[in-house]
Amino acid sequence: MTTDSLTRRHALGGLLMASLAPGMAFAQAPKFPNDTVRMVVPYAAGGATDIVARAVVDRLGARWGQAVVVENKPGAGTTLAAAQMARAPGDGYQLYMTTSAHTISGLVYPKLGYDPVKDFAPLSLIAKVPLVLVVRPTLEAKTVDEFARYVRANPDKATFASPGNGTAQHLTGEMFNAAMKTRMLHVPYKGDAPAITDLLGGSVDAMFATLTVVLPHIASGKLRAIALANGQRVEKVPEIPTFAEQGLRHFEAATWFGVLAPASMPAVLQNRIATDIRAVVDQPDLRAKLIDLGGEVVSSDPAAFGTFMQAEYRKWQAIVKQSGATIG
């Protein structure tokens, strides 16, 4: 066994002992971490998830006095990274910056090799960025009702783009079809960029897009924002109304960012790391950065994050069953 492994085991053992001693504060437990911590990100560098992860790890590293680095592991709709994390030791030295794709993957991939719920421990939900219905500039619709009327007048011809089959953006379009009794045709792309390019060019009619990725196009007037799939308006774009304000209640969908750990991580370590994550997310400069991305800062504890994930799973399970969406 290497010296690093012995050091980690000693630190983890101390944390376990601390959990057995009533009233013992976290500060009395041996120092964690004693080695570099890796935050695994299931997407390539430069995207929204990577940006959020790097902002968090920079501040965690400063708080812990230890290096915390991002490891980008894209592929297979986030399932490649998730499979790695499901098998990782629960010693705190591998954390997982996940998104809404995590709760959907178990519903649309027939064989994963891991359980997206049972194999992971929720630490903290960090932020939610709502999806927004945007339409091509030449489409005259300006409200949810006007857009629905356009789709009904063009059944199976009105189109909506998404960054891929089984994504939250795809399933939100299917959720709209179910709620409004419309028949939009889904056009999947390989990522946000090509989907938005075709939307700007008028090749497709609409997209339920993550607000962050279309903010510049909304600001420039190249895309028209119809409604936010959120419980309330967001600080970055207060002029965009919600679906609920336009009569479609409980129509909510978001790309969310949160930190998971392997399920084998002891509860005392889960709580300790989660407490530190919430502390850095609550720093004013990081909150401002997340809001500037069009996000809503959440900063939840493990129990609240777990409850949120279960609700997300149930919501998407109903839409996947209804739409028949699948991958592979």
# chains A, B, ... in the order shown; residues from 1 in each chain; ligands from 1
$ select_by_dssp --residues "range 24-269 of chain A" --states "strand (DSSP E or B)" --output "number ranges by chain"
A: 37-41, 68-72, 94-99, 120-135, 159-162, 185-188, 206-210, 224-228, 242, 254-262
$ atom_distance --atom1 "CA of Thr326 in chain A" --atom2 "CA of Ala206 in chain A"
21.7 Å
$ residues_around --residues "range 146-155 of chain A" --least-positions-apart "4" --cutoff "7 Å" --atoms "only C-alpha atoms" --output "number ranges by chain"
A: 141-142, 180, 182-184
$ write_last_selection --atoms "all heavy atoms" --output "short mmCIF file (atom, residue, chain, number, x, y, z; two decimals), in the first residue's frame"
data_model
loop_
_atom_site.label_atom_id
_atom_site.label_comp_id
_atom_site.auth_asym_id
_atom_site.auth_seq_id
_atom_site.Cartn_x
_atom_site.Cartn_y
_atom_site.Cartn_z
N ALA A 141 -45.01 34.11 -33.62
CA ALA A 141 -45.52 33.84 -32.28
C ALA A 141 -44.72 34.56 -31.21
O ALA A 141 -43.48 34.56 -31.22
CB ALA A 141 -45.51 32.35 -32.02
N LYS A 142 -45.44 35.19 -30.26
CA LYS A 142 -44.79 35.90 -29.16
C LYS A 142 -45.22 35.40 -27.79
O LYS A 142 -44.65 35.80 -26.78
CB LYS A 142 -45.09 37.40 -29.27
CG LYS A 142 -44.51 38.06 -30.52
CD LYS A 142 -44.83 39.54 -30.57
CE LYS A 142 -44.23 40.17 -31.82
NZ LYS A 142 -44.57 41.63 -31.91
N MET A 180 -49.99 20.63 -24.14
CA MET A 180 -50.75 21.51 -25.04
C MET A 180 -51.46 20.75 -26.16
O MET A 180 -52.10 21.37 -27.01
CB MET A 180 -49.80 22.55 -25.65
CG MET A 180 -49.10 23.43 -24.63
SD MET A 180 -50.26 24.41 -23.63
CE MET A 180 -50.78 25.65 -24.83
N THR A 182 -50.26 19.14 -28.72
CA THR A 182 -49.69 19.51 -30.01
C THR A 182 -48.84 18.36 -30.55
O THR A 182 -48.56 17.40 -29.83
CB THR A 182 -48.81 20.77 -29.88
OG1 THR A 182 -47.83 20.56 -28.85
CG2 THR A 182 -49.63 21.99 -29.52
N ARG A 183 -48.40 18.48 -31.81
CA ARG A 183 -47.56 17.45 -32.42
C ARG A 183 -46.39 18.13 -33.12
O ARG A 183 -46.38 18.28 -34.34
CB ARG A 183 -48.35 16.59 -33.41
CG ARG A 183 -49.48 15.79 -32.79
CD ARG A 183 -49.79 14.51 -33.55
NE ARG A 183 -49.89 14.69 -34.98
CZ ARG A 183 -51.03 14.90 -35.65
NH1 ARG A 183 -52.17 14.98 -34.98
NH2 ARG A 183 -51.02 15.02 -36.97
N MET A 184 -45.42 18.57 -32.34
CA MET A 184 -44.18 19.10 -32.91
C MET A 184 -43.30 17.94 -33.33
O MET A 184 -43.29 16.88 -32.69
CB MET A 184 -43.41 19.93 -31.88
CG MET A 184 -43.99 21.27 -31.57
SD MET A 184 -42.89 22.18 -30.45
CE MET A 184 -43.01 21.19 -28.96
#
$ select_by_dssp --residues "range 73-291 of chain A" --states "helix (DSSP H, G or I)" --output "PyMOL selection string"
chain A and resi 76-86+101-108+144-153+168-180+192-201+211-220+244-246+267-281+284-291
$ residues_around --residues "Pro116 in chain A" --least-positions-apart "5" --cutoff "7 Å" --atoms "only C-alpha atoms" --output "PyMOL selection string"
chain A and resi 102-103+106
$ write_last_selection --atoms "all heavy atoms" --output "CSV table (one decimal), in the first residue's frame"
chain,number,residue,atom,x,y,z
A,102,HIS,N,-28.1,13.1,-15.5
A,102,HIS,CA,-27.9,11.9,-14.7
A,102,HIS,C,-29.2,11.2,-14.3
A,102,HIS,O,-29.3,10.0,-14.4
A,102,HIS,CB,-27.2,12.3,-13.4
A,102,HIS,CG,-26.8,11.2,-12.5
A,102,HIS,ND1,-25.7,10.4,-12.7
A,102,HIS,CD2,-27.4,10.7,-11.4
A,102,HIS,CE1,-25.6,9.5,-11.8
A,102,HIS,NE2,-26.6,9.6,-11.0
A,103,THR,N,-30.3,11.9,-14.0
A,103,THR,CA,-31.5,11.3,-13.7
A,103,THR,C,-32.3,10.8,-14.9
A,103,THR,O,-33.1,9.9,-14.8
A,103,THR,CB,-32.5,12.3,-12.9
A,103,THR,OG1,-32.5,13.5,-13.6
A,103,THR,CG2,-31.9,12.5,-11.5
A,106,GLY,N,-30.8,6.8,-16.7
A,106,GLY,CA,-31.3,5.5,-16.4
A,106,GLY,C,-32.7,5.2,-17.0
A,106,GLY,O,-33.1,4.0,-17.0
$ residues_around --residues "Val204 in chain A" --least-positions-apart "2" --cutoff "7 Å" --atoms "only C-alpha atoms" --output "PyMOL selection string"
chain A and resi 159-161+198-199+202+206
$ closest_residue --among "A:Lys289, A:Ala127, A:Pro238, A:Glu252" --to "Phe305 in chain A" --atoms "only C-alpha atoms"
A:Ala127
$ closest_residue --among "A:Val237, A:Ala86, A:Leu139, A:Leu293" --to "Leu200 in chain A" --atoms "only C-alpha atoms"
A:Leu139
$ closest_residue --among "A:Ile319, A:Ala45, A:Leu131, A:Val187" --to "Ser203 in chain A" --atoms "only C-alpha atoms"
A:Val187
$ residues_around --residues "Arg63 in chain A" --least-positions-apart "5" --cutoff "12 Å" --atoms "only C-alpha atoms" --output "mmCIF file with N, CA and C atoms, in the first residue's frame"
data_model
loop_
_atom_site.group_PDB
_atom_site.id
_atom_site.type_symbol
_atom_site.label_atom_id
_atom_site.label_comp_id
_atom_site.auth_asym_id
_atom_site.auth_seq_id
_atom_site.Cartn_x
_atom_site.Cartn_y
_atom_site.Cartn_z
ATOM 1 N N PHE A 32 -8.995 16.812 6.300
ATOM 2 C CA PHE A 32 -9.368 16.329 4.976
ATOM 3 C C PHE A 32 -9.454 17.548 4.077
ATOM 4 N N PRO A 33 -8.846 17.464 2.885
ATOM 5 C CA PRO A 33 -8.107 16.342 2.303
ATOM 6 C C PRO A 33 -6.607 16.431 2.569
ATOM 7 N N VAL A 56 -16.249 26.173 -8.743
ATOM 8 C CA VAL A 56 -16.398 25.542 -7.423
ATOM 9 C C VAL A 56 -15.064 24.986 -6.926
ATOM 10 N N VAL A 57 -14.319 24.273 -7.787
ATOM 11 C CA VAL A 57 -13.085 23.637 -7.320
ATOM 12 C C VAL A 57 -12.028 24.674 -6.947
ATOM 13 N N ASP A 58 -11.999 25.797 -7.647
ATOM 14 C CA ASP A 58 -11.037 26.842 -7.291
ATOM 15 C C ASP A 58 -11.248 27.301 -5.853
ATOM 16 N N VAL A 68 -7.510 20.977 -5.837
ATOM 17 C CA VAL A 68 -8.733 20.351 -6.313
ATOM 18 C C VAL A 68 -8.777 20.631 -7.811
ATOM 19 N N ILE A 273 -18.084 17.370 3.398
ATOM 20 C CA ILE A 273 -17.802 17.933 2.080
ATOM 21 C C ILE A 273 -18.960 18.804 1.612
ATOM 22 N N THR A 275 -21.015 20.513 3.408
ATOM 23 C CA THR A 275 -20.971 21.778 4.140
ATOM 24 C C THR A 275 -19.983 22.745 3.502
ATOM 25 N N ASP A 276 -18.835 22.223 3.082
ATOM 26 C CA ASP A 276 -17.823 23.078 2.454
ATOM 27 C C ASP A 276 -18.266 23.536 1.062
ATOM 28 N N ILE A 277 -18.944 22.668 0.330
ATOM 29 C CA ILE A 277 -19.453 23.066 -0.989
ATOM 30 C C ILE A 277 -20.458 24.199 -0.841
ATOM 31 N N ARG A 278 -21.366 24.066 0.117
ATOM 32 C CA ARG A 278 -22.363 25.123 0.318
ATOM 33 C C ARG A 278 -21.700 26.431 0.727
ATOM 34 N N ALA A 279 -20.637 26.328 1.521
ATOM 35 C CA ALA A 279 -19.941 27.534 1.965
ATOM 36 C C ALA A 279 -19.321 28.292 0.794
ATOM 37 N N VAL A 280 -18.734 27.574 -0.153
ATOM 38 C CA VAL A 280 -18.105 28.274 -1.284
ATOM 39 C C VAL A 280 -19.150 28.764 -2.285
ATOM 40 N N VAL A 281 -20.238 28.004 -2.447
ATOM 41 C CA VAL A 281 -21.290 28.440 -3.367
ATOM 42 C C VAL A 281 -21.963 29.712 -2.851
ATOM 43 N N GLN A 283 -20.492 32.135 -1.453
ATOM 44 C CA GLN A 283 -19.621 33.304 -1.574
ATOM 45 C C GLN A 283 -20.195 34.255 -2.618
#
$ atom_distance --atom1 "CA of Gly90 in chain A" --atom2 "CA of Gln270 in chain A"
9.2 Å
$ closest_residue --among "A:Pro122, A:Pro74, A:Gly113, A:Pro188" --to "Ala325 in chain A" --atoms "only C-alpha atoms"
A:Pro188
